[in-house]
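Structure first, commentary second.
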Amino acid sequence: MNVLSEKLLGGKQGAVGLAILALLLFVVFPLWLDLFRLGLLGKYVTYAFVAISLVLLWGNGGILSLGQGMFFGLGGYCMAMFLKLEASDPVSTKIQSTPGIPDFMDWNQLTAIPFFWQPFKSLPLTLLLVLLVPTTLAFIIGFAMFKRRVGGVYFAIITQAIALILSILIVGQQGYTGGVNGITDLKTMLGWDIRTDSAKYILYFTNAGLLIGCMLLARYILTSKFGMLLLAMRDKEERVRFSGYDVSNFKIFIFCVAAMISAIGGAMFTLQIGFMSPSFVGIVPSIEMVIFAAVGGRMSLIGAVYGTLLVNFGKTMFSETYPELWLFLMGGLFIAVVMFFPDGLAGVYQKYADKFNLGGLAAKYFSKFTQWVPKNSGGKL
Amino acid sequence: MFDYTMAEIGNIVVMQGFSGLSLFSVLLLMALGLAIIFGQMGVINMAHGEFMAVGAYTTVFMSKMAVKYDIVNTYFVFAILTAFVLAFLIGYLIEYLLIRHLYKRPLDTLLATWGLSLAMQQTFRSIFGAKEVSAELPEWLLGSFQPTPDIDIPINGVFVMGLALVVTVSVYMFMYRSRGGLRIRATMQNRVMAGAVGINTKKVDRLTFALGCGIAGVAGAAFTTIASTGPTTGSLYIVDSFMVVVFGGAASLMGTIASAFGIAQAQSILQFFMTSSMGKVATLMTIVIILMLRPEGLFASKVRK
């Protein structure tokens with residue numbers, strides 16, 4: 001039991017960091033922010049799923065995927081397809097030439113629901129597909145690439161190209177996917193209206209709970225033997241291979257896990273925001289999600305969540321008042337993080353925590369915000 | 001695809017093939033710069049498209065000036081040179097400020113140059129506005145000639161192709177037949193050894209990167225003759241250019257040419273028979289699948305790693 005809690009929470013220090021985050025998400029923010037701002041926060045929390053997946057994949061595994069938006073989007077689309085089918089019952093769509101199919105299909109002269117939409121009539125099947133579709137795609141990509149020892153830069157470029165393909169495909173196949181507008185006007189889930197205030201609160205708390213759950217899963221993976229192997233593969237892939245491990249299988253596994261975590265975020269996004277569009281699938285969102293993780297700290301699960309929230313609050317604030325300045329800032333952020341703070345906020349925190357011996361002063365309270373930072377930790381996990 | 005006669009299909013293939021050649025020329029010019037930066041130096045320059053936009057905006061600006069002083073018929077040659085020089089200088093500066101600190105971290109270079117591309121896009125938007133602008137073309141670039149009544153070949157396309165040819169030959173001559181190119185190849189193959197025989201490897205890095213950016217600038221100048229330029233023009237071509245370089249085999253000039261040709265032709269012919277987005281999807285999909293089967297690209301030289 002003790003061992004399990006150690007592994008899930010990352011020891012006493014990790015547990016304190018996680019508890020503070022949970023306190024913020026579950027108590028402080030809901031009490032402090034009005035429903036509109038809380039809705040925004042909920043949206044950012046869904047991005048944090050992707051940031052966590054990138055900590056696993058990129059920070060610890062050294063595999064930079066520029067296609068995480070694709071998995072986020074696929075998860076979101078699976079959810080949206082279910083909600084859309086429910087929203088387009090024959091009664092509410094009776095003005096269409098074919099009642100009972102989603103409105104955009106009707107506009108594009110489709111007369112029946114396409115076969116790949118059929119499974120999304122049932123909720124359990126949909127929830128399963130939210131997890132399975134992105135993971136299967138990740139498995140195919142990972143299998144094809146890692147078995148042939150394609151890695152690093154090439155992997156980044158090819159995942160980027162695949163994200164581009166998927167977004168063009170979704171935009172181009174308007175009749176099947178809703179095109180550039182995406183799938184909109186989502187109303188109810190099994191008769192439960194997702195647009196009411198109470199539903200928004202419930203969805204927000206579900207979302208935050210799932211995030212903490214995914215973080216526990218991620219931490220469990222990272223503190224296990226597999227996590228050690230992941231780091232070893234990042235730093236000396238050949239040596240791990242010569243030690244008798246099948247590197248590609250480990251990489252495929254972590255890529256699939258990362259895809260699944262991103263997909264959960266995407267599905268929660270659809271539920272909370274009420275639509276899904278190709279603008280979350282393509283290249284730009286995928287790279288932006290990498291910067292969330294980089295700002296927070298690519299090695300730190302908790303840092304990545306804070307990074308996501310901070311960058312997005314900054315984006316909302318600046319793009320409301322100075323839309324022109326925002327792109328400069330965003331660009332500057334990319335450059336500054338890479339050049340000056342490669343370990344992100346978590347790294348900065350760690351540095352000052354060490355310098356002023358915050359850790360010693362406040363050891364009982366929150367001695368280690370961050371889970372693990374390579375430079376200063378002296379190699380202990 | 002089946003309601004055309006054979007003659008019509010022939011004409012379509014010739015004309016679409018020709019518009020594919022224009023695309024091929026721009027892609028080739030983009031990819032040549034990238035092949036030097038990415039293929040030789042291993043730097044992922046996500047801002048490469050923005051260097052192309054620098055060239056394009058330079059040309060547009062020069063054309064506005066040319067209209068003012070009534071030298072529309074001759075300015076284009078100067079515009080190409082200015083585009084090259086300007087992109088070269090900016091590239092030189094960027095290498096000094098940014099890239100040289102990141103040679104050991106290729107994935108981080110990718111992020112940093114992406115940030116750079118965002119900032120450059122916003123700069124274009126602030127200076128030239130969000131709308132697309134196009135250059136005033138000299139008269140000798142307009143119009144088309146018709147070898148047969150059904151085939152219509154635009155002159156600007158021929159010009160862009162000629163330009164691409166000249167640049168390709170120059171790059172080849174420089175890289176493989178000159179002392180400068182020898183220094184570049186030596187540095188990239190074995191940095192320590194190159195330094196030991198007296199090559200200033202840091203200077204070579206800077207000039208190589210700047211050269212790649214300069215060629216992107218020329219690509220931009222060529223681009224203005226076939227389409228209009230907007231702040232995000234460069235980012236539309238960046239993935240294609242990377243695919244060209246990776247598909248061709250990163251360090252191979254022949255591979256780059258062949259894959260630029262293949263990709264451009266496939267896109268432009270498929271776009272006629274399918275919708276434009278499906279043509280692009282089919283092309284990219286084919287490349288990705290081929291790259292999964294043959295990760296080293298089409299024309300990779302055999303090396304031990």
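Every chain in the structure tokens has a letter given in the order shown (A, B, ...), and although residue numbers restart at 1 in each chain, ligands are simply numbered from 1 in the order shown.
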Quiz item: Which residues come within 7 Å of segment 111-116 of chain A, counting only C-alpha atoms, excluding same-chain residues fewer than 5 positions away, as number ranges by chain?
Solution: A: 98, 101, 106
With only C-alpha atoms counted and 9 Å as the cut-off, give the residues of chain A in contact with chain B, each with its shortest interatomic distance in Å and the pair that gives it, as JSON lines.
```
{"residue": "A:Leu64", "atom": "CA", "partner": "B:Leu107", "partner_atom": "CA", "distance": 7.3}
{"residue": "A:Ile141", "atom": "CA", "partner": "B:Met292", "partner_atom": "CA", "distance": 8.6}
{"residue": "A:Ala144", "atom": "CA", "partner": "B:Met292", "partner_atom": "CA", "distance": 5.8}
{"residue": "A:Met145", "atom": "CA", "partner": "B:Met292", "partner_atom": "CA", "distance": 6.0}
{"residue": "A:Arg148", "atom": "CA", "partner": "B:Pro295", "partner_atom": "CA", "distance": 7.4}
{"residue": "A:Arg149", "atom": "CA", "partner": "B:Pro295", "partner_atom": "CA", "distance": 8.6}
{"residue": "A:Val150", "atom": "CA", "partner": "B:Pro295", "partner_atom": "CA", "distance": 6.7}
{"residue": "A:Gly152", "atom": "CA", "partner": "B:Leu107", "partner_atom": "CA", "distance": 7.3}
{"residue": "A:Val153", "atom": "CA", "partner": "B:Leu107", "partner_atom": "CA", "distance": 6.4}
{"residue": "A:Tyr154", "atom": "CA", "partner": "B:Val246", "partner_atom": "CA", "distance": 7.8}
{"residue": "A:Ala156", "atom": "CA", "partner": "B:Leu107", "partner_atom": "CA", "distance": 8.2}
{"residue": "A:Ile157", "atom": "CA", "partner": "B:Phe242", "partner_atom": "CA", "distance": 7.4}
{"residue": "A:Ile158", "atom": "CA", "partner": "B:Val288", "partner_atom": "CA", "distance": 6.9}
{"residue": "A:Gln160", "atom": "CA", "partner": "B:Val239", "partner_atom": "CA", "distance": 7.8}
{"residue": "A:Ala161", "atom": "CA", "partner": "B:Val239", "partner_atom": "CA", "distance": 6.6}
{"residue": "A:Ile162", "atom": "CA", "partner": "B:Val288", "partner_atom": "CA", "distance": 7.5}
{"residue": "A:Leu164", "atom": "CA", "partner": "B:Val239", "partner_atom": "CA", "distance": 8.3}
{"residue": "A:Ile165", "atom": "CA", "partner": "B:Val281", "partner_atom": "CA", "distance": 5.5}
{"residue": "A:Leu166", "atom": "CA", "partner": "B:Val281", "partner_atom": "CA", "distance": 8.1}
{"residue": "A:Ile168", "atom": "CA", "partner": "B:Ser277", "partner_atom": "CA", "distance": 6.3}
{"residue": "A:Leu169", "atom": "CA", "partner": "B:Val281", "partner_atom": "CA", "distance": 6.6}
{"residue": "A:Val171", "atom": "CA", "partner": "B:Ser277", "partner_atom": "CA", "distance": 8.2}
{"residue": "A:Gly172", "atom": "CA", "partner": "B:Ser277", "partner_atom": "CA", "distance": 5.7}
{"residue": "A:Gln173", "atom": "CA", "partner": "B:Met278", "partner_atom": "CA", "distance": 8.6}
{"residue": "A:Ile287", "atom": "CA", "partner": "B:Leu111", "partner_atom": "CA", "distance": 7.9}
{"residue": "A:Val290", "atom": "CA", "partner": "B:Leu111", "partner_atom": "CA", "distance": 8.4}
{"residue": "A:Ile291", "atom": "CA", "partner": "B:Leu111", "partner_atom": "CA", "distance": 7.8}
{"residue": "A:Glu324", "atom": "CA", "partner": "B:Gln122", "partner_atom": "CA", "distance": 7.0}
{"residue": "A:Leu325", "atom": "CA", "partner": "B:Gln122", "partner_atom": "CA", "distance": 8.3}
{"residue": "A:Leu327", "atom": "CA", "partner": "B:Leu118", "partner_atom": "CA", "distance": 6.0}
{"residue": "A:Phe328", "atom": "CA", "partner": "B:Ala119", "partner_atom": "CA", "distance": 4.7}
{"residue": "A:Leu329", "atom": "CA", "partner": "B:Ala119", "partner_atom": "CA", "distance": 7.9}
{"residue": "A:Met330", "atom": "CA", "partner": "B:Gly115", "partner_atom": "CA", "distance": 6.8}
{"residue": "A:Gly331", "atom": "CA", "partner": "B:Gly115", "partner_atom": "CA", "distance": 3.6}
{"residue": "A:Gly332", "atom": "CA", "partner": "B:Gly115", "partner_atom": "CA", "distance": 6.3}
{"residue": "A:Leu333", "atom": "CA", "partner": "B:Gly115", "partner_atom": "CA", "distance": 7.2}
{"residue": "A:Phe334", "atom": "CA", "partner": "B:Gly115", "partner_atom": "CA", "distance": 4.9}
{"residue": "A:Ile335", "atom": "CA", "partner": "B:Ala112", "partner_atom": "CA", "distance": 4.5}
{"residue": "A:Ala336", "atom": "CA", "partner": "B:Ala112", "partner_atom": "CA", "distance": 8.0}
{"residue": "A:Val337", "atom": "CA", "partner": "B:Ala112", "partner_atom": "CA", "distance": 8.3}
{"residue": "A:Val338", "atom": "CA", "partner": "B:Asp108", "partner_atom": "CA", "distance": 6.0}
{"residue": "A:Met339", "atom": "CA", "partner": "B:His101", "partner_atom": "CA", "distance": 7.6}
{"residue": "A:Pro342", "atom": "CA", "partner": "B:Asp108", "partner_atom": "CA", "distance": 8.7}
```
Quiz item: Excluding same-chain residues fewer than 3 positions from Leu38 of chain A, what lies within 10 Å of it counting only C-alpha atoms, as an MDAnalysis selection string?
Solution: chainID A and resid 25 29:35 41:44 200:201 204
Practice problem: Write out as a list in words the residues lying within 10 Å of Leu345 of chain A, counting only C-alpha atoms and excluding same-chain residues fewer than 3 positions away. | Solution: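 After dropping sequence-adjacent residues, the list is Ala293, Ala294, Val295, Gly296, Gly297, Arg298, Ser300, Gly303, Ala304, Tyr306, Gly307, Val337, Phe341, Pro342, Val348, Tyr349, Gln350, Lys351 and Thr370 of chain A.
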Quiz item: DSSP on the backbone: what in segment 32-223 of chain B comes out strand (DSSP E), as a PyMOL selection string?
Solution: chain B and resi 144-145+153-154
For C-alpha atoms, I'd like the residues from the last selection saved as an mmCIF file, in the first residue's frame.
```
data_model
loop_
_atom_site.group_PDB
_atom_site.id
_atom_site.type_symbol
_atom_site.label_atom_id
_atom_site.label_comp_id
_atom_site.auth_asym_id
_atom_site.auth_seq_id
_atom_site.Cartn_x
_atom_site.Cartn_y
_atom_site.Cartn_z
ATOM 1 C CA SER B 144 0.804 33.138 -72.512
ATOM 2 C CA PHE B 145 1.654 31.339 -75.673
ATOM 3 C CA ILE B 153 1.148 28.009 -71.395
ATOM 4 C CA PRO B 154 1.637 31.104 -69.206
#
```
Exercise. Taking the chain letters and numbering used in this document, name the residues of segment 69-198 of chain A that DSSP puts in helix (DSSP H, G or I), as a ChimeraX atom specification.
Key: /A:69-87,103-107,115-121,123-146,152-172,174-177,179-181,197-198
Please, could you write that set of residues out with C-alpha atoms as a short mmCIF file (atom, residue, chain, number, x, y, z; two decimals), in the first residue's frame?
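Final output, part-v8.cif:
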```cif
data_model
loop_
_atom_site.label_atom_id
_atom_site.label_comp_id
_atom_site.auth_asym_id
_atom_site.auth_seq_id
_atom_site.Cartn_x
_atom_site.Cartn_y
_atom_site.Cartn_z
CA GLY A 69 -3.56 18.10 -31.55
CA MET A 70 -4.63 15.32 -33.89
CA PHE A 71 -5.33 12.96 -30.99
CA PHE A 72 -6.98 15.72 -28.99
CA GLY A 73 -9.15 16.48 -32.00
CA LEU A 74 -10.01 12.86 -32.72
CA GLY A 75 -11.13 12.33 -29.12
CA GLY A 76 -13.16 15.50 -29.37
CA TYR A 77 -14.68 14.52 -32.71
CA CYS A 78 -15.72 11.09 -31.44
CA MET A 79 -17.56 12.76 -28.57
CA ALA A 80 -19.01 15.42 -30.84
CA MET A 81 -20.35 12.81 -33.28
CA PHE A 82 -22.32 11.17 -30.49
CA LEU A 83 -23.70 14.46 -29.23
CA LYS A 84 -24.51 15.61 -32.76
CA LEU A 85 -26.47 12.47 -33.55
CA GLU A 86 -28.44 12.98 -30.37
CA ALA A 87 -29.03 16.64 -31.20
CA ASP A 103 -27.67 19.51 -40.39
CA PHE A 104 -24.37 19.75 -42.26
CA MET A 105 -25.00 16.36 -43.89
CA ASP A 106 -28.35 17.64 -45.07
CA TRP A 107 -26.72 20.76 -46.51
CA PHE A 115 -21.49 3.94 -41.84
CA PHE A 116 -18.65 5.26 -39.70
CA TRP A 117 -21.12 7.43 -37.82
CA GLN A 118 -23.24 4.41 -36.87
CA PRO A 119 -21.28 3.31 -33.76
CA PHE A 120 -21.69 6.77 -32.30
CA LYS A 121 -25.36 6.19 -31.68
CA LEU A 123 -22.79 6.20 -25.52
CA PRO A 124 -20.75 3.26 -24.17
CA LEU A 125 -19.44 2.55 -27.65
CA THR A 126 -18.62 6.23 -28.11
CA LEU A 127 -16.69 6.40 -24.86
CA LEU A 128 -14.78 3.33 -25.93
CA LEU A 129 -14.05 4.84 -29.34
CA VAL A 130 -12.92 8.14 -27.78
CA LEU A 131 -10.13 6.12 -26.25
CA LEU A 132 -9.59 3.60 -29.03
CA VAL A 133 -9.61 5.63 -32.25
CA PRO A 134 -6.72 7.96 -31.34
CA THR A 135 -4.81 5.14 -29.69
CA THR A 136 -5.17 2.93 -32.76
CA LEU A 137 -3.94 5.73 -35.00
CA ALA A 138 -1.03 6.30 -32.62
CA PHE A 139 -0.28 2.59 -32.68
CA ILE A 140 -0.22 2.50 -36.48
CA ILE A 141 2.01 5.57 -36.73
CA GLY A 142 4.21 4.41 -33.89
CA PHE A 143 4.50 0.88 -35.21
CA ALA A 144 5.45 2.06 -38.69
CA MET A 145 7.96 4.62 -37.48
CA PHE A 146 9.59 3.22 -34.37
CA GLY A 152 13.87 12.58 -33.39
CA VAL A 153 13.52 15.21 -36.03
CA TYR A 154 12.04 12.94 -38.69
CA PHE A 155 9.36 11.74 -36.35
CA ALA A 156 8.44 15.35 -35.54
CA ILE A 157 8.18 16.29 -39.20
CA ILE A 158 6.16 13.25 -40.19
CA THR A 159 3.70 13.58 -37.30
CA GLN A 160 3.30 17.18 -38.36
CA ALA A 161 2.53 16.13 -41.91
CA ILE A 162 -0.02 13.60 -40.66
CA ALA A 163 -1.70 16.30 -38.57
CA LEU A 164 -1.85 18.45 -41.70
CA ILE A 165 -3.35 15.60 -43.72
CA LEU A 166 -6.01 14.97 -41.10
CA SER A 167 -6.98 18.63 -40.83
CA ILE A 168 -7.21 19.04 -44.62
CA LEU A 169 -9.25 15.86 -44.77
CA ILE A 170 -11.69 17.07 -42.12
CA VAL A 171 -12.05 20.47 -43.76
CA GLY A 172 -12.42 18.95 -47.22
CA GLN A 174 -17.68 18.71 -45.37
CA GLY A 175 -20.59 16.32 -45.68
CA TYR A 176 -19.05 13.77 -43.33
CA THR A 177 -17.28 15.98 -40.82
CA GLY A 179 -15.99 20.92 -42.69
CA VAL A 180 -14.24 24.01 -41.45
CA ASN A 181 -17.01 24.89 -39.00
CA ASP A 197 -25.07 26.22 -15.38
CA SER A 198 -25.25 23.16 -13.18
#
```
Quiz prompt | Selected residue, from B:Pro149, B:Pro138, B:Gly279, B:Leu165, that lies nearest to Gln265 of chain B when counting only C-alpha atoms | solution = B:Gly279
Practice problem: Could you check which of A:Thr188, A:Ser65, A:Ser262, A:Asn60 is closest to Cys214 of chain A, using only C-alpha atoms? | Solution: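 The closest residue to Cys214 of chain A is A:Ser262.
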Quiz prompt | Test item: residues at most 12 Å from Val77 of chain B, only C-alpha atoms, excluding those fewer than 4 positions along its chain, as a PyMOL selection string | solution = chain B and resi 59+62-63+66+71-73+81-84+137-138+159+163+218+221-222
Quiz item: Which residue, B:Phe76, B:Phe51, B:Phe299, B:Phe18, has the smallest gap to Val158 of chain B when you use only C-alpha atoms?
Solution: B:Phe18
Practice problem: Figure out the distance between atom CA of Lys147 of chain A and atom CA of Met215 of chain A, please, to one decimal in Å. | Solution: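 These two atoms are separated by 28.1 Å.
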Practice problem: Skip Leu203 of chain A itself and residues of its chain fewer than 5 positions away, then list as an MDAnalysis selection string all residues within 9 Å of it, counting only C-alpha atoms. | Solution: chainID A and resid 42 194 198 208 268 271:272
Since we have the selection now, will you write its residues out, keeping N, CA and C atoms, as a compact mmCIF listing (two decimals), in the first residue's frame?
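Written out: again_13.txt:
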```
# COMPACT_ATOMS: atom_id res chain seq x y z
N GLY A 42 -11.89 25.71 -17.63
CA GLY A 42 -12.18 24.33 -17.99
C GLY A 42 -11.58 23.98 -19.35
N ILE A 194 -26.29 19.80 -21.60
CA ILE A 194 -24.93 20.15 -21.18
C ILE A 194 -24.70 21.66 -21.18
N SER A 198 -25.62 24.28 -14.05
CA SER A 198 -25.25 23.16 -13.18
C SER A 198 -24.44 22.13 -13.97
N ALA A 208 -11.64 18.25 -14.13
CA ALA A 208 -10.52 18.40 -13.21
C ALA A 208 -10.17 17.06 -12.56
N MET A 268 -13.41 15.87 -23.34
CA MET A 268 -13.90 16.79 -22.32
C MET A 268 -14.07 18.20 -22.89
N LEU A 271 -17.40 18.33 -24.62
CA LEU A 271 -18.51 18.35 -23.67
C LEU A 271 -18.66 19.73 -23.03
N GLN A 272 -17.53 20.35 -22.72
CA GLN A 272 -17.63 21.62 -22.00
C GLN A 272 -17.91 22.79 -22.92
```
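Reported to one decimal place, the separation of atom CA of Lys104 of chain B from atom CA of Met188 of chain B is 13.3 Å.
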Give me the residues near segment 179-184 of chain B as a PDB file with C-alpha atoms, in the first residue's frame, where near means some atom within 12 Å (using only C-alpha atoms) and where sequence neighbours in that chain fewer than 2 positions away do not count.
```
ATOM      1  CA  ILE B  36      21.175  23.194 -47.326  1.00  0.00           C
ATOM      2  CA  ILE B  37      19.941  24.219 -43.877  1.00  0.00           C
ATOM      3  CA  GLY B  39      20.018  18.444 -45.052  1.00  0.00           C
ATOM      4  CA  GLN B  40      23.543  19.749 -44.509  1.00  0.00           C
ATOM      5  CA  MET B  41      23.387  21.453 -41.133  1.00  0.00           C
ATOM      6  CA  SER B 170      24.333  27.654 -59.257  1.00  0.00           C
ATOM      7  CA  VAL B 171      23.740  25.843 -55.980  1.00  0.00           C
ATOM      8  CA  TYR B 172      25.134  22.654 -57.469  1.00  0.00           C
ATOM      9  CA  MET B 173      28.201  24.437 -58.795  1.00  0.00           C
ATOM     10  CA  PHE B 174      28.723  26.198 -55.494  1.00  0.00           C
ATOM     11  CA  MET B 175      28.266  23.162 -53.305  1.00  0.00           C
ATOM     12  CA  TYR B 176      30.213  20.638 -55.371  1.00  0.00           C
ATOM     13  CA  ARG B 177      32.591  22.624 -57.549  1.00  0.00           C
ATOM     14  CA  ALA B 186      33.808  19.400 -44.922  1.00  0.00           C
ATOM     15  CA  THR B 187      32.438  21.204 -41.876  1.00  0.00           C
ATOM     16  CA  MET B 188      29.172  19.334 -41.937  1.00  0.00           C
ATOM     17  CA  GLN B 189      30.839  15.964 -42.372  1.00  0.00           C
ATOM     18  CA  ASN B 190      33.464  16.338 -39.695  1.00  0.00           C
ATOM     19  CA  ARG B 191      33.492  19.546 -37.754  1.00  0.00           C
ATOM     20  CA  MET B 193      38.660  17.745 -38.576  1.00  0.00           C
ATOM     21  CA  ALA B 194      37.536  20.693 -40.671  1.00  0.00           C
ATOM     22  CA  GLY B 195      38.530  23.013 -37.854  1.00  0.00           C
ATOM     23  CA  VAL B 197      42.732  21.994 -41.238  1.00  0.00           C
ATOM     24  CA  GLY B 198      42.054  25.655 -40.740  1.00  0.00           C
ATOM     25  CA  ILE B 199      38.422  26.139 -41.695  1.00  0.00           C
ATOM     26  CA  ASN B 200      36.592  28.665 -39.571  1.00  0.00           C
ATOM     27  CA  THR B 201      33.659  26.378 -38.879  1.00  0.00           C
ATOM     28  CA  LYS B 202      31.558  28.949 -37.046  1.00  0.00           C
ATOM     29  CA  LYS B 203      31.813  31.312 -39.971  1.00  0.00           C
ATOM     30  CA  VAL B 204      30.906  28.467 -42.325  1.00  0.00           C
ATOM     31  CA  ASP B 205      27.817  27.723 -40.228  1.00  0.00           C
ATOM     32  CA  ARG B 206      26.704  31.310 -40.381  1.00  0.00           C
ATOM     33  CA  LEU B 207      27.239  31.645 -44.114  1.00  0.00           C
ATOM     34  CA  THR B 208      25.579  28.308 -44.849  1.00  0.00           C
ATOM     35  CA  PHE B 209      22.478  29.206 -42.908  1.00  0.00           C
ATOM     36  CA  LEU B 211      22.782  31.113 -47.959  1.00  0.00           C
TER      37      LEU B 211
END
```
Quiz prompt | Residue nearest Ile238 of chain B - candidates A:Gly67, A:Gly191, A:Gln96, A:Ile283, atoms counted: only C-alpha atoms | solution = A:Ile283
Quiz item: Given the choices B:Gly234, B:Gly20, B:Gly10, B:Gly55, which gets closest to Ala266 of chain B if the distance is worked out from only C-alpha atoms?
Solution: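 Using only C-alpha atoms, the shortest distance to Ala266 of chain B belongs to B:Gly20.
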Practice problem: Calculate how many Å separate atom CA of Val28 of chain A from atom CA of Ile302 of chain A, rounding to one decimal. | Solution: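 Result for atom CA of Val28 of chain A versus atom CA of Ile302 of chain A: 16.8 Å, one decimal.
If only C-alpha atoms are the atoms counted, then among B:Ala210, B:Ile80, B:Ser259, B:Ser252 the closest residue to Ile94 of chain B is B:Ala210.
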